[in-house]
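A.B. asks: model_36.csv is the file, holding CSV, C-alpha atoms and all ligand atoms:
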chain,number,residue,atom,x,y,z
A,1,MET,CA,22.0,21.7,-26.9
A,2,TYR,CA,24.8,24.3,-27.0
A,3,LEU,CA,27.5,23.9,-24.4
A,4,PHE,CA,29.6,26.9,-23.3
A,5,LYS,CA,32.5,26.9,-21.0
A,6,GLN,CA,33.5,30.5,-21.4
A,7,LYS,CA,31.5,33.6,-20.3
A,8,ASP,CA,32.2,35.6,-23.5
A,9,THR,CA,30.9,32.9,-25.9
A,10,LEU,CA,27.8,32.3,-23.7
A,11,ASP,CA,27.2,36.1,-23.6
A,12,ARG,CA,27.4,36.4,-27.4
A,13,HIS,CA,24.9,33.5,-27.9
A,14,LEU,CA,22.5,35.0,-25.3
A,15,SER,CA,22.8,38.5,-26.7
A,16,THR,CA,21.6,37.3,-30.1
A,17,ALA,CA,18.7,35.5,-28.4
A,18,ARG,CA,17.8,38.6,-26.4
A,19,ASN,CA,18.0,40.8,-29.5
A,20,ASN,CA,15.5,38.4,-31.1
A,21,ASP,CA,13.1,39.0,-28.1
A,22,LYS,CA,13.6,35.4,-26.8
A,23,ARG,CA,12.4,35.0,-23.2
A,24,ILE,CA,15.3,33.4,-21.3
A,25,GLY,CA,14.7,30.9,-18.4
A,26,PHE,CA,17.6,30.0,-16.2
A,27,VAL,CA,18.1,26.9,-14.0
A,28,PRO,CA,21.4,27.1,-11.9
A,29,THR,CA,22.6,23.7,-10.6
A,30,MET,CA,25.6,22.0,-9.1
A,31,GLY,CA,25.2,19.0,-11.4
A,32,ALA,CA,24.7,15.3,-10.4
A,33,LEU,CA,21.3,15.9,-12.0
A,34,HIS,CA,18.1,14.0,-11.1
A,35,HIS,CA,14.4,14.3,-11.9
A,36,GLY,CA,14.1,17.2,-9.4
A,37,HIS,CA,16.5,19.3,-11.5
A,38,LEU,CA,14.8,18.2,-14.7
A,39,SER,CA,11.4,19.3,-13.4
A,40,LEU,CA,12.8,22.8,-13.2
A,41,ILE,CA,13.9,22.6,-16.8
A,42,ALA,CA,10.4,21.4,-17.8
A,43,LYS,CA,8.8,24.2,-15.9
A,44,ALA,CA,11.2,26.7,-17.6
A,45,LYS,CA,10.3,25.3,-21.0
A,46,GLU,CA,6.6,26.1,-20.3
A,47,THR,CA,7.1,29.8,-20.2
A,48,CYS,CA,10.4,30.6,-21.8
A,49,ASP,CA,11.7,30.4,-25.4
A,50,LEU,CA,15.3,29.5,-24.4
A,51,VAL,CA,16.3,27.5,-21.3
A,52,VAL,CA,19.8,27.9,-19.9
A,53,CYS,CA,21.1,25.5,-17.3
A,54,SER,CA,24.4,26.0,-15.5
A,55,ILE,CA,26.4,23.3,-13.8
A,56,PHE,CA,29.0,24.7,-11.3
A,57,VAL,CA,30.0,23.2,-8.0
A,58,ASN,CA,30.6,26.6,-6.3
A,59,PRO,CA,33.5,26.3,-3.8
A,60,THR,CA,32.6,29.5,-2.0
A,61,GLN,CA,29.3,28.1,-0.7
A,62,PHE,CA,30.8,25.1,1.0
A,63,ASN,CA,31.8,25.8,4.6
A,64,ASP,CA,33.0,22.2,4.9
A,65,PRO,CA,35.9,21.4,2.5
A,66,SER,CA,35.2,17.6,2.7
A,67,ASP,CA,31.6,18.2,1.6
A,68,PHE,CA,33.0,20.1,-1.4
A,69,GLU,CA,35.5,17.3,-2.3
A,70,LYS,CA,32.9,14.6,-2.0
A,71,TYR,CA,30.2,16.4,-4.0
A,72,PRO,CA,29.2,14.0,-6.7
A,73,VAL,CA,30.2,14.8,-10.3
A,74,THR,CA,28.4,12.9,-13.2
A,75,ILE,CA,28.9,15.3,-16.0
A,76,ASP,CA,28.5,12.9,-19.0
A,77,ASN,CA,25.2,11.6,-17.6
A,78,ASP,CA,24.1,15.2,-16.8
A,79,ILE,CA,24.7,16.3,-20.5
A,80,LEU,CA,22.6,13.3,-21.7
A,81,GLN,CA,19.7,14.1,-19.3
A,82,LEU,CA,19.8,17.8,-20.2
A,83,THR,CA,19.8,17.1,-23.9
A,84,ASP,CA,16.8,14.7,-23.5
A,85,ALA,CA,15.0,17.3,-21.5
A,86,GLY,CA,15.2,19.8,-24.4
A,87,THR,CA,17.6,22.2,-22.6
A,88,ASP,CA,18.9,24.8,-25.1
A,89,VAL,CA,22.1,25.9,-23.5
A,90,LEU,CA,24.4,24.4,-20.8
A,91,PHE,CA,26.9,26.7,-19.2
A,92,LEU,CA,29.8,24.6,-17.6
A,93,PRO,CA,32.4,27.0,-16.4
A,94,SER,CA,35.6,26.3,-14.5
A,95,VAL,CA,36.4,27.8,-11.1
A,96,GLN,CA,38.9,30.1,-12.8
A,97,GLU,CA,36.3,31.2,-15.3
A,98,MET,CA,33.9,32.1,-12.5
A,99,TYR,CA,36.4,33.6,-10.1
A,100,PRO,CA,39.2,35.1,-12.2
A,101,GLU,CA,39.8,37.5,-9.3
A,102,GLY,CA,40.4,34.6,-6.9
A,103,LEU,CA,38.1,33.0,-4.3
A,104,ASP,CA,38.9,35.5,-1.5
A,105,VAL,CA,37.5,38.6,-3.3
A,106,LYS,CA,34.0,39.0,-1.9
A,107,THR,CA,31.1,41.4,-2.0
A,108,HIS,CA,29.0,41.3,1.2
A,109,TYR,CA,25.3,40.9,0.8
A,110,ASP,CA,22.9,42.1,3.6
A,111,PHE,CA,20.5,39.2,4.0
A,112,GLY,CA,19.6,40.3,7.5
A,113,SER,CA,18.6,37.6,10.0
A,114,LEU,CA,17.8,35.2,7.2
A,115,GLU,CA,21.5,34.5,7.0
A,116,THR,CA,22.1,33.5,10.6
A,117,ILE,CA,19.1,31.2,11.3
A,118,LEU,CA,18.6,27.5,10.3
A,119,GLU,CA,21.1,26.6,7.5
A,120,GLY,CA,22.9,29.9,8.1
A,121,ALA,CA,23.5,29.0,11.8
A,122,HIS,CA,25.0,25.6,10.8
A,123,ARG,CA,26.8,26.6,7.6
A,124,PRO,CA,28.6,29.9,8.3
A,125,GLY,CA,29.3,31.8,5.1
A,126,HIS,CA,27.1,29.5,3.0
A,127,PHE,CA,24.6,32.1,1.9
A,128,GLN,CA,27.2,34.7,1.1
A,129,GLY,CA,28.7,32.1,-1.2
A,130,VAL,CA,25.3,31.4,-2.7
A,131,GLY,CA,24.7,35.1,-3.2
A,132,GLN,CA,28.1,35.6,-4.8
A,133,VAL,CA,27.7,32.9,-7.4
A,134,VAL,CA,24.0,33.6,-8.2
A,135,HIS,CA,24.8,37.3,-8.6
A,136,LYS,CA,27.6,36.4,-11.1
A,137,LEU,CA,25.4,34.0,-13.0
A,138,LEU,CA,22.5,36.5,-13.2
A,139,ASN,CA,24.8,39.2,-14.5
A,140,LEU,CA,25.8,36.9,-17.3
A,141,VAL,CA,22.6,35.1,-18.2
A,142,LYS,CA,20.2,38.0,-17.5
A,143,PRO,CA,17.2,35.7,-17.4
A,144,ASP,CA,13.6,36.8,-17.5
A,145,GLN,CA,12.8,34.0,-15.1
A,146,LEU,CA,14.9,32.1,-12.6
A,147,PHE,CA,13.8,28.6,-11.6
A,148,MET,CA,14.7,27.1,-8.2
A,149,GLY,CA,13.4,24.3,-6.0
A,150,GLN,CA,11.3,24.5,-2.8
A,151,LYS,CA,13.5,21.8,-1.3
A,152,ASP,CA,16.1,24.5,-0.7
A,153,PHE,CA,13.5,26.6,1.1
A,154,GLN,CA,15.9,29.1,2.7
A,155,GLN,CA,18.0,29.4,-0.4
A,156,CYS,CA,14.9,30.6,-2.3
A,157,LEU,CA,14.3,33.3,0.3
A,158,ILE,CA,17.9,34.4,0.1
A,159,VAL,CA,17.8,34.6,-3.7
A,160,ASN,CA,14.5,36.5,-3.5
A,161,ARG,CA,16.3,39.0,-1.2
A,162,LEU,CA,19.3,39.0,-3.6
A,163,LEU,CA,17.1,39.9,-6.6
A,164,LYS,CA,15.9,43.0,-4.7
A,165,LEU,CA,19.4,43.9,-3.4
A,166,ILE,CA,20.9,43.9,-6.9
A,167,ASP,CA,17.8,45.3,-8.6
A,168,SER,CA,17.4,42.4,-10.9
A,169,LYS,CA,14.5,42.1,-13.3
A,170,ALA,CA,14.5,38.3,-13.1
A,171,GLN,CA,11.4,36.7,-11.7
A,172,LEU,CA,12.0,33.9,-9.2
A,173,VAL,CA,9.8,30.8,-9.8
A,174,VAL,CA,9.9,28.4,-6.9
A,175,CYS,CA,9.1,24.8,-8.0
A,176,PRO,CA,7.8,22.0,-5.8
A,177,THR,CA,10.1,19.4,-4.3
A,178,LEU,CA,10.2,16.1,-6.4
A,179,ARG,CA,10.3,13.0,-4.2
A,180,GLU,CA,11.2,9.4,-4.7
A,181,PRO,CA,8.2,7.0,-4.8
A,182,ASP,CA,8.7,6.4,-1.0
A,183,GLY,CA,8.8,10.1,-0.2
A,184,LEU,CA,12.6,10.8,0.1
A,185,ALA,CA,13.3,14.2,-1.4
A,186,MET,CA,15.5,13.8,-4.5
A,187,SER,CA,18.9,15.2,-3.9
A,188,SER,CA,22.3,14.9,-5.5
A,189,ARG,CA,23.7,13.9,-2.1
A,190,ASN,CA,21.4,10.8,-2.1
A,191,MET,CA,24.0,9.3,-4.5
A,192,ARG,CA,26.4,9.0,-1.6
A,193,LEU,CA,24.1,6.7,0.3
A,194,ASN,CA,24.4,2.9,0.2
A,195,ALA,CA,21.2,0.8,0.1
A,196,THR,CA,20.9,0.6,3.9
A,197,GLU,CA,21.7,4.3,4.4
A,198,ARG,CA,19.2,5.2,1.6
A,199,GLN,CA,16.5,3.3,3.4
A,200,ASN,CA,17.4,5.0,6.7
A,201,ALA,CA,17.3,8.5,5.0
A,202,LEU,CA,13.5,8.0,4.7
A,203,HIS,CA,13.3,8.9,8.4
A,204,ILE,CA,13.6,12.5,7.4
A,205,TYR,CA,10.5,12.4,5.3
A,206,LYS,CA,8.7,10.3,8.0
A,207,ALA,CA,9.6,13.0,10.6
A,208,LEU,CA,8.0,15.7,8.4
A,209,ILE,CA,4.9,13.5,8.0
A,210,TYR,CA,4.8,12.9,11.7
A,211,VAL,CA,4.9,16.7,12.4
A,212,LYS,CA,2.3,17.4,9.8
A,213,GLY,CA,-0.1,14.7,11.2
A,214,ASN,CA,0.4,15.8,14.8
A,215,ILE,CA,0.7,19.6,14.6
A,216,HIS,CA,-2.6,20.2,16.4
A,217,LYS,CA,-2.3,17.4,18.9
A,218,ALA,CA,0.3,19.0,21.3
A,219,SER,CA,2.5,22.0,21.6
A,220,PHE,CA,4.9,22.7,18.7
A,221,SER,CA,7.9,22.1,21.0
A,222,GLU,CA,6.6,18.7,22.1
A,223,ILE,CA,5.9,17.6,18.5
A,224,LEU,CA,9.3,18.8,17.3
A,225,ASN,CA,11.1,17.1,20.3
A,226,ASN,CA,9.4,13.8,19.5
A,227,ALA,CA,10.3,14.0,15.8
A,228,SER,CA,13.9,15.0,16.7
A,229,ASN,CA,14.2,12.0,19.1
A,230,GLN,CA,12.9,9.6,16.5
A,231,LEU,CA,15.6,10.8,14.1
A,232,LYS,CA,18.3,10.5,16.8
A,233,MET,CA,17.2,7.0,17.6
A,234,ASN,CA,17.6,6.1,13.9
A,235,GLY,CA,21.1,7.3,13.6
A,236,PHE,CA,20.9,11.0,12.8
A,237,ASP,CA,22.6,14.0,14.1
A,238,VAL,CA,19.9,16.6,14.0
A,239,ASP,CA,21.1,20.1,13.1
A,240,TYR,CA,17.6,21.5,13.4
A,241,ILE,CA,14.0,20.7,13.1
A,242,GLU,CA,11.7,23.7,13.4
A,243,LEU,CA,8.4,25.1,12.4
A,244,VAL,CA,8.7,28.4,10.6
A,245,SER,CA,6.4,31.0,9.1
A,246,MET,CA,7.1,33.0,6.1
A,247,GLU,CA,6.2,36.6,6.5
A,248,GLU,CA,5.0,38.9,3.7
A,249,ASP,CA,8.3,40.8,3.7
A,250,GLY,CA,10.2,37.6,3.0
A,251,SER,CA,11.5,37.1,6.6
A,252,VAL,CA,11.1,34.0,8.6
A,253,THR,CA,9.6,33.7,12.1
A,254,PHE,CA,9.3,30.8,14.6
A,255,PRO,CA,5.6,30.8,15.6
A,256,LYS,CA,4.3,29.0,18.7
A,257,ALA,CA,1.0,28.1,17.1
A,258,THR,CA,-0.5,28.1,13.6
A,259,GLY,CA,-1.7,31.6,12.6
A,260,ASN,CA,-2.7,33.2,9.3
A,261,ARG,CA,0.7,32.7,7.6
A,262,PRO,CA,1.7,29.4,6.0
A,263,VAL,CA,3.8,27.2,8.4
A,264,TYR,CA,6.6,24.9,7.1
A,265,ALA,CA,8.4,22.2,9.0
A,266,VAL,CA,12.1,22.4,8.1
A,267,ILE,CA,14.8,19.8,8.8
A,268,ALA,CA,18.5,19.4,8.4
A,269,ALA,CA,20.1,16.2,9.7
A,270,ARG,CA,23.2,14.2,9.2
A,271,GLU,CA,22.9,10.4,8.5
A,272,ILE,CA,25.7,9.3,10.8
A,273,SER,CA,26.8,6.1,9.1
A,274,SER,CA,27.2,7.8,5.7
A,275,ASP,CA,28.1,11.3,7.0
A,276,VAL,CA,25.7,12.7,4.5
A,277,ARG,CA,23.8,15.8,5.6
A,278,LEU,CA,20.2,16.1,4.1
A,279,ILE,CA,17.7,18.8,4.2
A,280,ASP,CA,13.9,18.8,3.6
A,281,ASN,CA,10.8,20.8,4.3
A,282,MET,CA,7.0,20.5,4.1
A,283,LEU,CA,4.1,22.9,4.1
A,284,MET,CA,2.0,22.0,7.2
A,301,LIG,P1,21.6,21.8,-6.6
A,301,LIG,O1,22.2,21.2,-7.8
A,301,LIG,O2,21.4,20.9,-5.4
A,301,LIG,O3,22.2,23.1,-6.2
A,301,LIG,O4,20.1,22.2,-7.0
A,301,LIG,C1,19.8,23.0,-8.1
A,301,LIG,C2,18.4,23.4,-8.1
A,301,LIG,O5,17.6,22.3,-8.1
A,301,LIG,C3,18.0,24.2,-6.8
A,301,LIG,O6,17.1,25.3,-7.1
A,301,LIG,C4,17.3,23.2,-6.0
A,301,LIG,O7,16.4,23.7,-5.1
A,301,LIG,C5,16.6,22.3,-7.1
A,301,LIG,N1,16.3,21.0,-6.5
A,301,LIG,C6,17.1,20.2,-5.9
A,301,LIG,N2,16.5,19.0,-5.5
A,301,LIG,C7,15.2,19.2,-5.9
A,301,LIG,C8,14.0,18.4,-5.8
A,301,LIG,N3,14.0,17.2,-5.2
A,301,LIG,N4,12.9,18.8,-6.4
A,301,LIG,C9,12.9,20.1,-7.0
A,301,LIG,N5,13.9,20.9,-7.2
A,301,LIG,C10,15.1,20.4,-6.6
Written as structure tokens, that's how I'd like the structure from this file.
C.D. replies:
Amino acid sequence: MYLFKQKDTLDRHLSTARNNDKRIGFVPTMGALHHGHLSLIAKAKETCDLVVCSIFVNPTQFNDPSDFEKYPVTIDNDILQLTDAGTDVLFLPSVQEMYPEGLDVKTHYDFGSLETILEGAHRPGHFQGVGQVVHKLLNLVKPDQLFMGQKDFQQCLIVNRLLKLIDSKAQLVVCPTLREPDGLAMSSRNMRLNATERQNALHIYKALIYVKGNIHKASFSEILNNASNQLKMNGFDVDYIELVSMEEDGSVTFPKATGNRPVYAVIAAREISSDVRLIDNMLM
């Protein structure tokens, strides 16, 4: 695996690959890698000749500075895992390399209402930061395909919108959420949970299963209230638990009953004893 820390050396390497008609697959990450990340690499290897992974904990997408400071960093282990997985290129830039103009210089992306609901309502500025870093990375890597995880449901919709806004030719491939054997969605943030908190975190998955199993048994609001109360009783602050529909134009609506469009349950909740905020979602 080649490791590049500078944009110009990465660019030179990828230009040669492009000139040789190599199909480039790109998996952007923030590191602290787990099998969920590696499943994206495996998916990229199926359809691309050259798989590029980036590890960059992007400061502009963290609305909470302590979340940024506590974000796990396991770079040696990440490099081993990426090498084992057959990754061709790792891009590992510094903040200075990504933001030579400083962190305050910002383009504004028009993500419409997608930016102000769910994650957007609880993490102001988050999706502008995501847009900013993904845009920079896409300009550099110029991938044929971009691989992202369904776990970050709204992020996928935002990036889909970004690709249109910036007229990118990259195709977004959304990959399924990988879970631990007991159902907990794999997440870098799980590393910050001790054994008891890790056990408790399973209530997020249980809430999704409860909603899925009961969606036709009462009104949506009653089911969501019950699931939310269960989480609260088990030591969570619930930011949101909602049923949402994805519309054909990429927007999200809050239906009152199941219709023709796929419905997803989406959750964000903070496990209070660890102060770790987790998100998850499930197709109903
Ligand atoms: P992150 O490092 O958390 O920014 O995630 C990098 C990419 O990995 C994003 O596209 C995530 O959606 C994806 N990802 C994170 N967790 C999982 C998971 N459990 N299963 C599949 N993909 C995931």
A.B. asks: Could you please determine the separation between CA of Leu178 (chain A) and atom O7 of ligand LIG 301 (chain A) in Å, to one decimal place?
C.D. replies: 9.9 Å
A.B. asks: Can I get the residues close to ligand LIG 301 (chain A) as a PyMOL selection string, where close means within 7 Å and we count all atoms listed in the file?
C.D. replies: chain A and resi 27-33+36-37+39-40+147-152+175-179+185-188
A.B. asks: Pick from A:Ile215, A:Ala227, A:Val276, A:Leu162: nearest to Tyr264 (chain A), with all atoms listed in the file counted?
C.D. replies: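 Under the stated criterion, the closest residue is A:Ile215.
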A.B. asks: Given the choices A:Ala170, A:Leu193, A:Gln154, A:Leu184, which gets closest to Met246 (chain A) if the distance is worked out from only C-alpha atoms?
C.D. replies: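 Once distances to Met246 (chain A) are computed over only C-alpha atoms, the minimum belongs to A:Gln154.
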A.B. asks: Between A:Asn214, A:Asn200, A:Ser168, A:Asn190, which residue has the minimum interatomic distance to Phe236 (chain A), considering only C-alpha atoms?
C.D. replies: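 Among the listed residues, the smallest separation from Phe236 (chain A) belongs to A:Asn200.
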A.B. asks: Calculate how many Å separate CA of Pro100 (chain A) from CA of Leu172 (chain A), rounding to one decimal.
C.D. replies: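 Between CA of Pro100 (chain A) and CA of Leu172 (chain A) the gap is 27.4 Å.
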